[in-house]
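One structure is given here, and the rest of the page talks about it.
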Amino acid sequence: MKGRLVIWGASGYARVVADIIRLAKEYEILGMLDDINPERRGEIVGGVPVLGGREQWEEIRRQRGTHVIVAVGDGAARLRLADFATANGMELATAIHPRATVASDVSIGKGTVIAAGAVVNPAVTIGRNCIINTCASVDHDCTIGEGAHVGPGVRLGGHTRLGKGSWLGIGAITCDRIHIGEGAIIGAGAVITKNIPSRVVAYGVPGRVIRKVGE
């Protein structure tokens with residue numbers, strides 16, 4: 001065992017992360033944190049107790065908690081919570097499902113989760129606190145910016161670059177050598193044949209920019 005771990009988040013995605021952690025057998029799970037609904041303290045989610053919110057931080061440290069993995073869907077929030085955790089004495093854990101296929105030379109940032117059935121091919125670089133979700137495929141020489149989310153069933157062509165905090169919905173596809181900008185949102189099932197700028201929403205076949213994020 002590498003240490004005692006807390007999952008920050010208590011949603012369906014947190015259950016997925018807890019399952020990966022158990023299967024990988026690298027950490028003992030102390031519990032989950034829920035800052036939004038700390039009254040859930042004592043609830044059991046996927047076999048793991050909710051400890052409360054971040055007010056439990058010192059208690060976690062007293063219980064010899066050493067690692068945290070942030071299991072929330074919002075990329076910006078994932079990065080903020082990870083920064084808080086590391087600034088307050090915890091290390092970021094990485095979770096890779098034992099039935100994911102990851103090439104031996106892939107660089108994986110701390111805090112990243114690679115789910116069941118995902119395939120990550122050679123010469124890929126994945127930043128910290130990313131999600132490579134269920135059955136996604138990342139082809140050779142891709143670069144995944146920190147906090148990015150590659151959704152279930154997404155297919156990234158070779159040399160694709162995803163900006164920090166970008167989000168690709170279920171089943172989206174990129175052609176080779178596509179660049180998707182920071183904070184961009186790509187809708188489910190989109191086929192991206194041209195570069196997408198930062199902080200826009202794009203979807204369709206072929207994918208096109210629909211609006212700016214937040215409009």
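Scheme for the structure tokens: letters A, B, ... for chains in order shown; per-chain residue numbers from 1; ligand numbers from 1 in order shown.
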> Could you pull out the strand (DSSP E) residues of stretch 1-214 of chain A from DSSP and send them as a ChimeraX atom specification?
Replying inline: /A:3-8,27-33,44-45,48-52,65-70,91-92,95-96,101-102,107-108,113-114,119-120,125-126,131-132,137-138,143-144,149-150,155-156,161-162,167-168,173-174,179-180,185-186,191-192,200-203,208-212
Determine, using only C-alpha atoms, which residues of stretch 63-142 of chain A have any atom at most 12 Å from an atom of stretch 181-190 of chain A, and tabulate each with its shortest atom pair and distance in Å to one decimal place, rows ordered by chain and then rising number, as a tab-separated table.
residue	atom	partner	partner_atom	distance
A:Asp74	CA	A:Gly183	CA	10.5
A:Gly75	CA	A:Gly183	CA	8.6
A:Ala76	CA	A:Gly183	CA	8.7
Output file for the residues above (N, CA and C atoms, as a short mmCIF file (atom, residue, chain, number, x, y, z; two decimals), in the first residue's frame):
data_model
loop_
_atom_site.label_atom_id
_atom_site.label_comp_id
_atom_site.auth_asym_id
_atom_site.auth_seq_id
_atom_site.Cartn_x
_atom_site.Cartn_y
_atom_site.Cartn_z
N ASP A 74 -16.09 18.89 -12.84
CA ASP A 74 -15.67 20.21 -13.31
C ASP A 74 -14.15 20.33 -13.26
N GLY A 75 -13.52 20.56 -14.41
CA GLY A 75 -12.06 20.57 -14.46
C GLY A 75 -11.43 21.68 -13.64
N ALA A 76 -12.02 22.88 -13.70
CA ALA A 76 -11.47 24.00 -12.93
C ALA A 76 -11.56 23.72 -11.44
#
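With distances restricted to only C-alpha atoms, A:Ser198 is the closest residue to A:Lys164 from A:Ser198, A:Thr125, A:Ser104, A:Ser137.
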>> So that I can check the secondary structure, give me every residue of stretch 24-162 of chain A assigned helix (DSSP H, G or I) by backbone DSSP, as a count of residues only.
In response: 26
For stretch 166-171 of chain A, please output as an mmCIF file with N, CA, C and O atoms, in the first residue's frame all residues within 12 Å (counting only C-alpha atoms; exclusion window: fewer than 6 positions along the same chain).
data_model
loop_
_atom_site.group_PDB
_atom_site.id
_atom_site.type_symbol
_atom_site.label_atom_id
_atom_site.label_comp_id
_atom_site.auth_asym_id
_atom_site.auth_seq_id
_atom_site.Cartn_x
_atom_site.Cartn_y
_atom_site.Cartn_z
ATOM 1 N N GLY A 73 -16.467 16.398 -11.572
ATOM 2 C CA GLY A 73 -16.447 16.494 -13.031
ATOM 3 C C GLY A 73 -15.913 17.801 -13.578
ATOM 4 O O GLY A 73 -15.361 17.832 -14.676
ATOM 5 N N ASP A 74 -16.086 18.886 -12.843
ATOM 6 C CA ASP A 74 -15.673 20.207 -13.315
ATOM 7 C C ASP A 74 -14.149 20.328 -13.258
ATOM 8 O O ASP A 74 -13.548 20.224 -12.179
ATOM 9 N N GLY A 75 -13.516 20.565 -14.409
ATOM 10 C CA GLY A 75 -12.064 20.573 -14.463
ATOM 11 C C GLY A 75 -11.431 21.683 -13.642
ATOM 12 O O GLY A 75 -10.429 21.464 -12.954
ATOM 13 N N ALA A 76 -12.018 22.884 -13.698
ATOM 14 C CA ALA A 76 -11.467 24.000 -12.927
ATOM 15 C C ALA A 76 -11.563 23.717 -11.436
ATOM 16 O O ALA A 76 -10.623 23.987 -10.669
ATOM 17 N N GLY A 127 -1.664 15.610 -18.570
ATOM 18 C CA GLY A 127 -1.399 16.517 -17.466
ATOM 19 C C GLY A 127 -2.011 16.047 -16.162
ATOM 20 O O GLY A 127 -2.653 14.991 -16.085
ATOM 21 N N ASN A 129 -4.531 15.840 -12.946
ATOM 22 C CA ASN A 129 -5.955 15.947 -12.664
ATOM 23 C C ASN A 129 -6.829 15.858 -13.908
ATOM 24 O O ASN A 129 -7.856 16.523 -14.021
ATOM 25 N N CYS A 130 -6.421 15.019 -14.849
ATOM 26 C CA CYS A 130 -7.243 14.750 -16.038
ATOM 27 C C CYS A 130 -8.142 13.544 -15.797
ATOM 28 O O CYS A 130 -7.929 12.765 -14.869
ATOM 29 N N ILE A 131 -9.142 13.399 -16.656
ATOM 30 C CA ILE A 131 -9.982 12.203 -16.678
ATOM 31 C C ILE A 131 -9.927 11.615 -18.084
ATOM 32 O O ILE A 131 -10.251 12.305 -19.060
ATOM 33 N N ILE A 132 -9.503 10.363 -18.184
ATOM 34 C CA ILE A 132 -9.623 9.597 -19.425
ATOM 35 C C ILE A 132 -10.696 8.566 -19.124
ATOM 36 O O ILE A 132 -10.445 7.556 -18.463
ATOM 37 N N ASN A 133 -11.884 8.818 -19.574
ATOM 38 C CA ASN A 133 -13.050 8.095 -19.075
ATOM 39 C C ASN A 133 -13.259 6.751 -19.783
ATOM 40 O O ASN A 133 -12.490 6.365 -20.665
ATOM 41 N N THR A 134 -14.322 6.066 -19.399
ATOM 42 C CA THR A 134 -14.582 4.690 -19.792
ATOM 43 C C THR A 134 -14.516 4.497 -21.306
ATOM 44 O O THR A 134 -15.201 5.190 -22.070
ATOM 45 N N CYS A 135 -13.666 3.566 -21.742
ATOM 46 C CA CYS A 135 -13.552 3.148 -23.148
ATOM 47 C C CYS A 135 -13.148 4.279 -24.093
ATOM 48 O O CYS A 135 -13.372 4.179 -25.310
ATOM 49 N N ALA A 136 -12.551 5.343 -23.565
ATOM 50 C CA ALA A 136 -11.984 6.364 -24.436
ATOM 51 C C ALA A 136 -10.683 5.855 -25.032
ATOM 52 O O ALA A 136 -10.001 5.018 -24.442
ATOM 53 N N SER A 137 -10.310 6.395 -26.217
ATOM 54 C CA SER A 137 -9.016 6.037 -26.796
ATOM 55 C C SER A 137 -8.248 7.311 -27.153
ATOM 56 O O SER A 137 -8.804 8.253 -27.715
ATOM 57 N N THR A 143 -1.386 15.208 -26.606
ATOM 58 C CA THR A 143 -1.065 15.963 -25.400
ATOM 59 C C THR A 143 -2.373 16.406 -24.758
ATOM 60 O O THR A 143 -3.178 17.101 -25.393
ATOM 61 N N ILE A 144 -2.590 15.999 -23.510
ATOM 62 C CA ILE A 144 -3.824 16.294 -22.790
ATOM 63 C C ILE A 144 -3.496 17.309 -21.697
ATOM 64 O O ILE A 144 -2.762 16.992 -20.752
ATOM 65 N N GLY A 145 -4.028 18.519 -21.798
ATOM 66 C CA GLY A 145 -3.735 19.557 -20.826
ATOM 67 C C GLY A 145 -4.331 19.268 -19.465
ATOM 68 O O GLY A 145 -5.321 18.527 -19.337
ATOM 69 N N GLU A 146 -3.758 19.856 -18.425
ATOM 70 C CA GLU A 146 -4.201 19.580 -17.063
ATOM 71 C C GLU A 146 -5.678 19.935 -16.893
ATOM 72 O O GLU A 146 -6.188 20.898 -17.461
ATOM 73 N N GLY A 147 -6.358 19.098 -16.116
ATOM 74 C CA GLY A 147 -7.769 19.309 -15.834
ATOM 75 C C GLY A 147 -8.711 18.966 -16.965
ATOM 76 O O GLY A 147 -9.927 19.164 -16.850
ATOM 77 N N ALA A 148 -8.202 18.431 -18.079
ATOM 78 C CA ALA A 148 -9.065 18.090 -19.212
ATOM 79 C C ALA A 148 -9.847 16.806 -18.928
ATOM 80 O O ALA A 148 -9.417 15.948 -18.159
ATOM 81 N N HIS A 149 -10.999 16.697 -19.584
ATOM 82 C CA HIS A 149 -11.858 15.512 -19.441
ATOM 83 C C HIS A 149 -12.097 14.916 -20.818
ATOM 84 O O HIS A 149 -12.702 15.559 -21.681
ATOM 85 N N VAL A 150 -11.621 13.702 -21.024
ATOM 86 C CA VAL A 150 -11.871 12.932 -22.240
ATOM 87 C C VAL A 150 -12.994 11.964 -21.912
ATOM 88 O O VAL A 150 -12.799 10.980 -21.211
ATOM 89 N N GLY A 151 -14.193 12.260 -22.379
ATOM 90 C CA GLY A 151 -15.389 11.554 -21.944
ATOM 91 C C GLY A 151 -15.469 10.111 -22.419
ATOM 92 O O GLY A 151 -14.653 9.651 -23.230
ATOM 93 N N PRO A 152 -16.466 9.368 -21.914
ATOM 94 C CA PRO A 152 -16.621 7.969 -22.303
ATOM 95 C C PRO A 152 -16.735 7.804 -23.823
ATOM 96 O O PRO A 152 -17.486 8.529 -24.485
ATOM 97 N N GLY A 153 -15.985 6.862 -24.356
ATOM 98 C CA GLY A 153 -16.086 6.549 -25.774
ATOM 99 C C GLY A 153 -15.500 7.575 -26.714
ATOM 100 O O GLY A 153 -15.641 7.456 -27.933
ATOM 101 N N VAL A 154 -14.809 8.588 -26.213
ATOM 102 C CA VAL A 154 -14.170 9.586 -27.074
ATOM 103 C C VAL A 154 -13.020 8.932 -27.846
ATOM 104 O O VAL A 154 -12.345 8.030 -27.340
ATOM 105 N N ARG A 155 -12.782 9.397 -29.069
ATOM 106 C CA ARG A 155 -11.681 8.913 -29.900
ATOM 107 C C ARG A 155 -10.830 10.116 -30.313
ATOM 108 O O ARG A 155 -11.296 10.968 -31.067
ATOM 109 N N LEU A 156 -9.593 10.148 -29.818
ATOM 110 C CA LEU A 156 -8.675 11.217 -30.182
ATOM 111 C C LEU A 156 -7.685 10.704 -31.219
ATOM 112 O O LEU A 156 -6.962 9.744 -30.972
ATOM 113 N N HIS A 179 -6.193 20.730 -32.598
ATOM 114 C CA HIS A 179 -5.936 21.449 -31.337
ATOM 115 C C HIS A 179 -7.254 21.985 -30.816
ATOM 116 O O HIS A 179 -7.968 22.714 -31.525
ATOM 117 N N ILE A 180 -7.602 21.596 -29.595
ATOM 118 C CA ILE A 180 -8.800 22.096 -28.917
ATOM 119 C C ILE A 180 -8.340 23.000 -27.786
ATOM 120 O O ILE A 180 -7.552 22.607 -26.939
ATOM 121 N N GLY A 181 -8.836 24.233 -27.779
ATOM 122 C CA GLY A 181 -8.329 25.255 -26.889
ATOM 123 C C GLY A 181 -8.720 25.075 -25.429
ATOM 124 O O GLY A 181 -9.594 24.270 -25.072
ATOM 125 N N GLU A 182 -8.090 25.865 -24.593
ATOM 126 C CA GLU A 182 -8.309 25.851 -23.151
ATOM 127 C C GLU A 182 -9.769 26.128 -22.814
ATOM 128 O O GLU A 182 -10.381 27.069 -23.329
ATOM 129 N N GLY A 183 -10.342 25.284 -21.958
ATOM 130 C CA GLY A 183 -11.700 25.489 -21.484
ATOM 131 C C GLY A 183 -12.790 25.268 -22.511
ATOM 132 O O GLY A 183 -13.961 25.547 -22.254
ATOM 133 N N ALA A 184 -12.453 24.745 -23.686
ATOM 134 C CA ALA A 184 -13.462 24.482 -24.712
ATOM 135 C C ALA A 184 -14.325 23.287 -24.317
ATOM 136 O O ALA A 184 -13.872 22.364 -23.643
ATOM 137 N N ILE A 185 -15.585 23.301 -24.753
ATOM 138 C CA ILE A 185 -16.528 22.208 -24.505
ATOM 139 C C ILE A 185 -16.950 21.641 -25.846
ATOM 140 O O ILE A 185 -17.470 22.369 -26.703
ATOM 141 N N ILE A 186 -16.745 20.337 -26.016
ATOM 142 C CA ILE A 186 -17.109 19.649 -27.251
ATOM 143 C C ILE A 186 -18.287 18.722 -26.942
ATOM 144 O O ILE A 186 -18.202 17.864 -26.068
ATOM 145 N N GLY A 187 -19.373 18.898 -27.656
ATOM 146 C CA GLY A 187 -20.589 18.154 -27.375
ATOM 147 C C GLY A 187 -20.494 16.682 -27.733
ATOM 148 O O GLY A 187 -19.650 16.259 -28.538
ATOM 149 N N ALA A 188 -21.390 15.909 -27.140
ATOM 150 C CA ALA A 188 -21.434 14.460 -27.375
ATOM 151 C C ALA A 188 -21.599 14.170 -28.859
ATOM 152 O O ALA A 188 -22.408 14.794 -29.548
ATOM 153 N N GLY A 189 -20.829 13.210 -29.344
ATOM 154 C CA GLY A 189 -20.963 12.742 -30.718
ATOM 155 C C GLY A 189 -20.386 13.654 -31.776
ATOM 156 O O GLY A 189 -20.493 13.349 -32.971
ATOM 157 N N ALA A 190 -19.770 14.752 -31.378
ATOM 158 C CA ALA A 190 -19.205 15.676 -32.365
ATOM 159 C C ALA A 190 -18.035 15.025 -33.105
ATOM 160 O O ALA A 190 -17.316 14.199 -32.549
ATOM 161 N N VAL A 191 -17.848 15.430 -34.356
ATOM 162 C CA VAL A 191 -16.693 15.005 -35.143
ATOM 163 C C VAL A 191 -15.906 16.269 -35.474
ATOM 164 O O VAL A 191 -16.342 17.097 -36.276
ATOM 165 N N ILE A 192 -14.753 16.410 -34.827
ATOM 166 C CA ILE A 192 -13.982 17.642 -34.925
ATOM 167 C C ILE A 192 -12.921 17.494 -36.015
ATOM 168 O O ILE A 192 -11.987 16.701 -35.889
ATOM 169 N N ILE A 196 -10.311 24.044 -32.671
ATOM 170 C CA ILE A 196 -11.362 24.721 -31.910
ATOM 171 C C ILE A 196 -10.687 25.701 -30.950
ATOM 172 O O ILE A 196 -9.794 25.316 -30.198
ATOM 173 N N PRO A 197 -11.099 26.975 -30.953
ATOM 174 C CA PRO A 197 -10.448 27.948 -30.067
ATOM 175 C C PRO A 197 -10.817 27.736 -28.605
ATOM 176 O O PRO A 197 -11.668 26.909 -28.263
ATOM 177 N N SER A 198 -10.202 28.514 -27.737
ATOM 178 C CA SER A 198 -10.445 28.404 -26.295
ATOM 179 C C SER A 198 -11.817 28.943 -25.915
ATOM 180 O O SER A 198 -12.354 29.846 -26.553
ATOM 181 N N ARG A 199 -12.383 28.330 -24.864
ATOM 182 C CA ARG A 199 -13.586 28.803 -24.181
ATOM 183 C C ARG A 199 -14.778 29.004 -25.119
ATOM 184 O O ARG A 199 -15.465 30.019 -25.082
ATOM 185 N N VAL A 200 -14.991 28.005 -25.976
ATOM 186 C CA VAL A 200 -16.183 27.982 -26.816
ATOM 187 C C VAL A 200 -16.873 26.636 -26.668
ATOM 188 O O VAL A 200 -16.284 25.662 -26.196
ATOM 189 N N VAL A 201 -18.136 26.594 -27.090
ATOM 190 C CA VAL A 201 -18.896 25.348 -27.163
ATOM 191 C C VAL A 201 -19.001 24.963 -28.631
ATOM 192 O O VAL A 201 -19.389 25.785 -29.470
ATOM 193 N N ALA A 202 -18.635 23.722 -28.950
ATOM 194 C CA ALA A 202 -18.693 23.241 -30.328
ATOM 195 C C ALA A 202 -19.328 21.865 -30.357
ATOM 196 O O ALA A 202 -19.092 21.049 -29.469
ATOM 197 N N TYR A 203 -20.147 21.622 -31.382
ATOM 198 C CA TYR A 203 -20.715 20.294 -31.563
ATOM 199 C C TYR A 203 -21.210 20.150 -32.992
ATOM 200 O O TYR A 203 -21.210 21.106 -33.776
ATOM 201 N N GLY A 204 -21.646 18.932 -33.318
ATOM 202 C CA GLY A 204 -22.165 18.653 -34.652
ATOM 203 C C GLY A 204 -21.228 17.785 -35.464
ATOM 204 O O GLY A 204 -20.135 17.429 -35.048
ATOM 205 N N VAL A 205 -21.713 17.421 -36.683
ATOM 206 C CA VAL A 205 -20.945 16.593 -37.612
ATOM 207 C C VAL A 205 -20.989 17.283 -38.978
ATOM 208 O O VAL A 205 -22.015 17.265 -39.640
ATOM 209 N N GLY A 207 -18.022 19.099 -36.535
ATOM 210 C CA GLY A 207 -18.169 20.003 -35.403
ATOM 211 C C GLY A 207 -17.917 21.451 -35.794
ATOM 212 O O GLY A 207 -17.042 21.741 -36.604
ATOM 213 N N VAL A 213 -18.371 29.890 -24.216
ATOM 214 C CA VAL A 213 -18.747 29.294 -22.926
ATOM 215 C C VAL A 213 -19.366 30.376 -22.046
ATOM 216 O O VAL A 213 -18.848 31.480 -21.939
#
> Which polymer residues have any atom within 8 Å of an atom of stretch 7-23 of chain A, counting only C-alpha atoms, with same-chain residues fewer than 4 positions away left out, as a ChimeraX atom specification?
Replying inline: /A:27-29,31-35,45-46,48,50,68-73,95-98,113,115
